[in-house]
Amino acid sequence: MQRLPWLGRRIASLVFLVSVHVLSLSFAQQGELRMGMQYDFGTLDPQVLTTVGDKQMSANLFDGLVQYELGTTNIEPDLATDWTMSDDGLVWTFNLRQGVQFHKGYGEMTADDVVFTFERLLSPELSSPNAPNHASIASVEALSPYQVRFTLSEPDPAFLDKLANWFSLIVSKAAVEEKGDRFGDDPIGTGRYQFSHWSPQQETVFEAFEDHFLGVPNLERIVFVPIPDATTMYNAFEAGDVDLIQVTDPEKLARYGSDPSINVYAVPGLVTRFIGLNTEFEPFSDPRVREAVALAIDRDSIMEFIFQGISTAADSILAPGVQHVARGVVDYRYDPERARELLAEAGYPDGFDVTLTLPNVDRFTLPAAVVQENLAEVGIRVSLEVMETQSFVARLRSPEGLAMFSLSRSQDATPDRVLYSWHHSSAIPENNWARIRDPEVDAWLDEAISTLDENERQRLFGLVQERVAAGHYYYYYDHENMIFAVRDSVQGFVADPQRSLRLDDVSMGN
């Protein structure tokens, strides 16, 4: 546990309209953990889900072949006990645990379920936005009920990290075939907890899975309570209606850090928060306009008065803990005069009107209000459109996309998935939301993700980061710390740099 020091500065007064979420809370049962969530349930089908809240919940429902050691980015066995890789990096063989059971009587997990999971992920019929992450898989075959072989079309140095991710979690073949499109609403995995029910805008409930291969979980029930409005979230936590929340308000953090009934856990996150500019919308096709936006934003003021020490100003696209990060490629200066000159050169001497769309979460709404004010000073008139998160993501990934948007993205220990999905033209529109189309970037990425030469990967990934940072497709605020406030009745919680919210060893005390 890390106790955080008092953060002295107060947040600047900002008036911002947000929708108020009305809670329907019941008294907690013995052995029940209630978690305040910024996002409501969308889908719990790991092969198709993309939002943070769904990832956080699914981490407790499913297991993968491998996983990250909780609180680190070290790979450890999960459903696979061990594995081997051929010398050329093309053949991976995994030995599976025996006797692992799926939830609700769906039987033993075997190699057939593993094969089914990955064939389904890659199938054109599913059209999963996560499929490109495993584009190197040429075939998956069951060598026996407890042994699986992957054959790759080209080496993938990040293969184990991808297997530790949410999109590689193993599903029940029988359950998917039975439930079809309803699987995401009634998922079946092998995790410590099993799905019970979802009440829209009220709660998603999991129950202990007593037949888990590591034994009976400590908690009887987990209740995920969606509370997108930050004030309502903090009030619910302080009233004891929820037991655990993520903290994004520096004043609340200071208060909780001095409260003996609350434990504060913090870890540097593998997360980058940003504003994105879609090049398919005028005038963002013009690099001078994108650069003008970057010059017009006073990030120092945002860091000082809004974030107040709860994050680190981004000097790179990737978080500091990611391999092959190119530090220093993000180097913003606040220069509104130069921003006006660039806008005039681009044909917008009087500025223009644009809508900045963002989720209804304080992590995005608070800095957006400052950005709105900054851009107005150079003639860019910004209307703020705040949306429910699931609807926001659906629009962001639609063929039309959004002109200007704000979000954050989680990362892995390796940069392959993030750099490829953010910047490769083949990832449009599912993940390349800025609609970047750069043949050289595509070529560098294609080579970087398939070479086992770490020096060459460093060079190629560096070129990608330098090029896209110079293009100002995104304005990177910061790398967020993962900070959680937990009531002292909650024991065994571990803060995760990937904010998975795995509750492996969590229990409720008196």
# chains A, B, ... in the order shown; residues from 1 in each chain; ligands from 1
>>> closest_atom_pairs(of="region 38-128 of chain A", to="region 494-497 of chain A", cutoff="7 Å", atoms="only C-alpha atoms", output="tab-separated table")
residue	atom	partner	partner_atom	distance
A:Leu70	CA	A:Asp496	CA	6.5
A:Gly71	CA	A:Asp496	CA	4.4
A:Thr72	CA	A:Asp496	CA	7.0
>>> write_last_selection(atoms="C-alpha atoms", output="PDB file, in the first residue's frame")
ATOM      1  CA  LEU A  70      -1.114  -9.094 -10.679  1.00  0.00           C
ATOM      2  CA  GLY A  71       0.402  -5.652 -10.159  1.00  0.00           C
ATOM      3  CA  THR A  72       3.190  -6.196 -12.712  1.00  0.00           C
TER       4      THR A  72
END
>>> select_by_dssp(residues="region 120-230 of chain A", states="strand (DSSP E)", output="JSON, numbers by chain")
{"A": [137, 138, 139, 140, 141, 142, 143, 144, 147, 148, 149, 150, 151, 152, 193, 194, 195, 196, 197, 198, 199, 203, 204, 205, 206, 207, 208, 221, 222, 223, 224, 225, 226]}
>>> write_last_selection(atoms="N, CA and C atoms", output="mmCIF file, in the first residue's frame")
data_model
loop_
_atom_site.group_PDB
_atom_site.id
_atom_site.type_symbol
_atom_site.label_atom_id
_atom_site.label_comp_id
_atom_site.auth_asym_id
_atom_site.auth_seq_id
_atom_site.Cartn_x
_atom_site.Cartn_y
_atom_site.Cartn_z
ATOM 1 N N ILE A 137 -1.515 -15.386 -36.457
ATOM 2 C CA ILE A 137 -1.885 -16.787 -36.249
ATOM 3 C C ILE A 137 -2.347 -17.387 -37.576
ATOM 4 N N ALA A 138 -1.622 -18.398 -38.045
ATOM 5 C CA ALA A 138 -2.001 -19.095 -39.279
ATOM 6 C C ALA A 138 -2.934 -20.257 -38.982
ATOM 7 N N SER A 139 -2.691 -20.940 -37.857
ATOM 8 C CA SER A 139 -3.553 -22.058 -37.488
ATOM 9 C C SER A 139 -3.422 -22.356 -36.007
ATOM 10 N N VAL A 140 -4.479 -22.962 -35.448
ATOM 11 C CA VAL A 140 -4.489 -23.441 -34.065
ATOM 12 C C VAL A 140 -5.029 -24.857 -34.109
ATOM 13 N N GLU A 141 -4.348 -25.768 -33.449
ATOM 14 C CA GLU A 141 -4.807 -27.164 -33.474
ATOM 15 C C GLU A 141 -4.633 -27.816 -32.115
ATOM 16 N N ALA A 142 -5.552 -28.723 -31.822
ATOM 17 C CA ALA A 142 -5.493 -29.495 -30.580
ATOM 18 C C ALA A 142 -4.673 -30.750 -30.840
ATOM 19 N N LEU A 143 -3.533 -30.890 -30.178
ATOM 20 C CA LEU A 143 -2.699 -32.087 -30.319
ATOM 21 C C LEU A 143 -3.198 -33.201 -29.427
ATOM 22 N N SER A 144 -3.902 -32.834 -28.363
ATOM 23 C CA SER A 144 -4.535 -33.762 -27.438
ATOM 24 C C SER A 144 -5.544 -32.944 -26.653
ATOM 25 N N GLN A 147 -3.303 -30.249 -24.917
ATOM 26 C CA GLN A 147 -2.148 -29.638 -25.583
ATOM 27 C C GLN A 147 -2.602 -28.935 -26.862
ATOM 28 N N VAL A 148 -2.146 -27.698 -27.021
ATOM 29 C CA VAL A 148 -2.542 -26.862 -28.161
ATOM 30 C C VAL A 148 -1.294 -26.342 -28.862
ATOM 31 N N ARG A 149 -1.361 -26.316 -30.197
ATOM 32 C CA ARG A 149 -0.237 -25.786 -30.973
ATOM 33 C C ARG A 149 -0.718 -24.624 -31.840
ATOM 34 N N PHE A 150 -0.026 -23.498 -31.726
ATOM 35 C CA PHE A 150 -0.245 -22.337 -32.588
ATOM 36 C C PHE A 150 0.865 -22.294 -33.627
ATOM 37 N N THR A 151 0.506 -22.138 -34.874
ATOM 38 C CA THR A 151 1.475 -21.917 -35.938
ATOM 39 C C THR A 151 1.266 -20.507 -36.469
ATOM 40 N N LEU A 152 2.336 -19.718 -36.472
ATOM 41 C CA LEU A 152 2.256 -18.331 -36.901
ATOM 42 C C LEU A 152 2.763 -18.181 -38.329
ATOM 43 N N TYR A 193 -15.068 -15.920 -10.628
ATOM 44 C CA TYR A 193 -16.448 -15.495 -10.411
ATOM 45 C C TYR A 193 -17.262 -15.738 -11.675
ATOM 46 N N GLN A 194 -18.555 -16.013 -11.493
ATOM 47 C CA GLN A 194 -19.435 -16.278 -12.619
ATOM 48 C C GLN A 194 -20.537 -15.222 -12.681
ATOM 49 N N PHE A 195 -20.995 -14.985 -13.892
ATOM 50 C CA PHE A 195 -22.001 -13.966 -14.131
ATOM 51 C C PHE A 195 -23.330 -14.358 -13.499
ATOM 52 N N SER A 196 -23.972 -13.394 -12.803
ATOM 53 C CA SER A 196 -25.287 -13.613 -12.235
ATOM 54 C C SER A 196 -26.342 -12.855 -13.025
ATOM 55 N N HIS A 197 -26.268 -11.500 -12.999
ATOM 56 C CA HIS A 197 -27.256 -10.731 -13.741
ATOM 57 C C HIS A 197 -26.786 -9.299 -13.924
ATOM 58 N N TRP A 198 -27.472 -8.616 -14.823
ATOM 59 C CA TRP A 198 -27.225 -7.198 -15.086
ATOM 60 C C TRP A 198 -28.540 -6.453 -15.035
ATOM 61 N N SER A 199 -28.583 -5.378 -14.232
ATOM 62 C CA SER A 199 -29.714 -4.467 -14.195
ATOM 63 C C SER A 199 -29.229 -3.141 -14.764
ATOM 64 N N GLU A 203 -26.708 -2.176 -11.655
ATOM 65 C CA GLU A 203 -25.666 -3.062 -11.153
ATOM 66 C C GLU A 203 -25.430 -4.225 -12.114
ATOM 67 N N THR A 204 -24.201 -4.726 -12.082
ATOM 68 C CA THR A 204 -23.836 -6.000 -12.703
ATOM 69 C C THR A 204 -23.300 -6.872 -11.580
ATOM 70 N N VAL A 205 -23.809 -8.076 -11.459
ATOM 71 C CA VAL A 205 -23.511 -8.908 -10.292
ATOM 72 C C VAL A 205 -22.835 -10.203 -10.722
ATOM 73 N N PHE A 206 -21.728 -10.522 -10.054
ATOM 74 C CA PHE A 206 -21.035 -11.803 -10.201
ATOM 75 C C PHE A 206 -21.138 -12.558 -8.881
ATOM 76 N N GLU A 207 -21.114 -13.879 -8.971
ATOM 77 C CA GLU A 207 -21.111 -14.731 -7.785
ATOM 78 C C GLU A 207 -19.885 -15.633 -7.789
ATOM 79 N N ALA A 208 -19.486 -16.081 -6.609
ATOM 80 C CA ALA A 208 -18.317 -16.943 -6.486
ATOM 81 C C ALA A 208 -18.507 -18.225 -7.285
ATOM 82 N N ARG A 221 -20.011 -12.428 -3.459
ATOM 83 C CA ARG A 221 -20.593 -11.667 -4.565
ATOM 84 C C ARG A 221 -19.741 -10.439 -4.854
ATOM 85 N N ILE A 222 -19.722 -10.053 -6.152
ATOM 86 C CA ILE A 222 -19.160 -8.765 -6.563
ATOM 87 C C ILE A 222 -20.279 -7.998 -7.240
ATOM 88 N N VAL A 223 -20.477 -6.766 -6.813
ATOM 89 C CA VAL A 223 -21.502 -5.918 -7.421
ATOM 90 C C VAL A 223 -20.805 -4.703 -8.027
ATOM 91 N N PHE A 224 -20.897 -4.570 -9.358
ATOM 92 C CA PHE A 224 -20.335 -3.431 -10.065
ATOM 93 C C PHE A 224 -21.458 -2.397 -10.253
ATOM 94 N N VAL A 225 -21.292 -1.229 -9.644
ATOM 95 C CA VAL A 225 -22.330 -0.199 -9.661
ATOM 96 C C VAL A 225 -21.890 0.929 -10.590
ATOM 97 N N PRO A 226 -22.575 1.145 -11.718
ATOM 98 C CA PRO A 226 -22.167 2.212 -12.641
ATOM 99 C C PRO A 226 -22.556 3.589 -12.115
#
>>> residues_around(residues="region 286-298 of chain A", least_positions_apart="5", cutoff="7 Å", atoms="only C-alpha atoms", output="short mmCIF file (atom, residue, chain, number, x, y, z; two decimals) with N, CA and C atoms, in the first residue's frame")
data_model
loop_
_atom_site.label_atom_id
_atom_site.label_comp_id
_atom_site.auth_asym_id
_atom_site.auth_seq_id
_atom_site.Cartn_x
_atom_site.Cartn_y
_atom_site.Cartn_z
N ARG A 333 4.70 23.23 -26.56
CA ARG A 333 4.86 24.57 -26.01
C ARG A 333 3.55 25.32 -26.23
N TYR A 334 3.27 26.23 -25.34
CA TYR A 334 2.04 27.03 -25.42
C TYR A 334 2.37 28.32 -26.16
N ASP A 335 1.83 28.43 -27.39
CA ASP A 335 2.18 29.58 -28.24
C ASP A 335 0.95 29.96 -29.06
N PRO A 336 -0.03 30.64 -28.44
CA PRO A 336 -1.26 30.98 -29.17
C PRO A 336 -1.02 31.91 -30.35
N ALA A 339 -0.12 29.77 -33.14
CA ALA A 339 -1.31 29.01 -33.52
C ALA A 339 -2.19 29.84 -34.46
N LEU A 342 -0.63 29.93 -37.97
CA LEU A 342 -0.83 28.69 -38.72
C LEU A 342 -2.26 28.57 -39.23
N LEU A 343 -3.22 28.98 -38.42
CA LEU A 343 -4.61 28.94 -38.86
C LEU A 343 -4.82 29.87 -40.05
N ALA A 346 -3.44 28.34 -43.14
CA ALA A 346 -4.27 27.23 -43.61
C ALA A 346 -5.60 27.71 -44.18
N VAL A 371 -9.47 23.18 -22.35
CA VAL A 371 -9.14 23.16 -23.78
C VAL A 371 -10.12 24.04 -24.56
N ASN A 374 -9.03 27.57 -24.03
CA ASN A 374 -7.78 27.85 -24.73
C ASN A 374 -8.00 28.03 -26.22
N LEU A 375 -8.75 27.13 -26.84
CA LEU A 375 -8.93 27.18 -28.29
C LEU A 375 -9.76 28.38 -28.71
N VAL A 378 -7.83 31.47 -29.81
CA VAL A 378 -7.23 31.55 -31.15
C VAL A 378 -8.29 31.45 -32.24
N GLY A 471 3.05 14.61 -36.55
CA GLY A 471 1.83 14.85 -37.31
C GLY A 471 0.69 15.44 -36.51
N HIS A 472 0.81 15.46 -35.18
CA HIS A 472 -0.20 16.06 -34.29
C HIS A 472 -1.59 15.48 -34.53
N TYR A 473 -1.66 14.19 -34.76
CA TYR A 473 -2.96 13.54 -34.89
C TYR A 473 -3.65 13.46 -33.53
N TYR A 475 -3.32 14.93 -29.33
CA TYR A 475 -2.69 15.79 -28.34
C TYR A 475 -2.67 15.01 -27.04
#
>>> closest_residue(among="A:Val468, A:Val100, A:Leu253, A:Ala164", to="Ser316 (chain A)", atoms="only C-alpha atoms")
A:Val468
>>> atom_distance(atom1="CA of Ser398 (chain A)", atom2="CA of Glu430 (chain A)")
7.4 Å
>>> select_by_dssp(residues="region 88-223 of chain A", states="alpha helix (DSSP H)", output="list of chain:residue names")
A:Ala111, A:Asp112, A:Asp113, A:Val114, A:Val115, A:Phe116, A:Thr117, A:Phe118, A:Glu119, A:Arg120, A:Leu121, A:Leu122, A:Phe159, A:Leu160, A:Asp161, A:Lys162, A:Leu163, A:Lys173, A:Ala174, A:Ala175, A:Val176, A:Glu177, A:Glu178, A:Lys179
>>> write_last_selection(atoms="C-alpha atoms", output="mmCIF file, in the first residue's frame")
data_model
loop_
_atom_site.group_PDB
_atom_site.id
_atom_site.type_symbol
_atom_site.label_atom_id
_atom_site.label_comp_id
_atom_site.auth_asym_id
_atom_site.auth_seq_id
_atom_site.Cartn_x
_atom_site.Cartn_y
_atom_site.Cartn_z
ATOM 1 C CA ALA A 111 -7.904 -27.838 -26.106
ATOM 2 C CA ASP A 112 -11.050 -27.790 -28.250
ATOM 3 C CA ASP A 113 -12.252 -24.701 -26.392
ATOM 4 C CA VAL A 114 -8.902 -22.994 -26.931
ATOM 5 C CA VAL A 115 -8.972 -23.743 -30.659
ATOM 6 C CA PHE A 116 -12.576 -22.567 -30.867
ATOM 7 C CA THR A 117 -11.769 -19.313 -29.029
ATOM 8 C CA PHE A 118 -9.051 -18.251 -31.449
ATOM 9 C CA GLU A 119 -10.749 -19.465 -34.607
ATOM 10 C CA ARG A 120 -13.826 -17.519 -33.535
ATOM 11 C CA LEU A 121 -11.780 -14.398 -32.791
ATOM 12 C CA LEU A 122 -10.243 -14.493 -36.259
ATOM 13 C CA PHE A 159 2.702 -13.107 -28.721
ATOM 14 C CA LEU A 160 2.707 -13.918 -24.996
ATOM 15 C CA ASP A 161 1.659 -10.373 -24.093
ATOM 16 C CA LYS A 162 -1.237 -10.654 -26.538
ATOM 17 C CA LEU A 163 -2.241 -13.974 -24.994
ATOM 18 C CA LYS A 173 -17.361 -23.562 -27.143
ATOM 19 C CA ALA A 174 -20.580 -25.211 -25.981
ATOM 20 C CA ALA A 175 -21.885 -22.002 -24.409
ATOM 21 C CA VAL A 176 -21.123 -19.815 -27.427
ATOM 22 C CA GLU A 177 -22.726 -22.295 -29.816
ATOM 23 C CA GLU A 178 -25.791 -22.486 -27.588
ATOM 24 C CA LYS A 179 -26.189 -18.774 -26.834
#
>>> closest_residue(among="A:Thr81, A:Ser128, A:Gln390, A:Gln491", to="Pro359 (chain A)", atoms="only C-alpha atoms")
A:Gln390
>>> closest_atom_pairs(of="region 274-307 of chain A", to="region 405-422 of chain A", cutoff="10 Å", atoms="only C-alpha atoms", output="CSV")
residue,atom,partner,partner_atom,distance
A:Phe274,CA,A:Ser406,CA,5.7
A:Ile275,CA,A:Ser406,CA,4.3
A:Gly276,CA,A:Phe405,CA,5.2
A:Leu277,CA,A:Phe405,CA,6.9
A:Asn278,CA,A:Phe405,CA,8.4
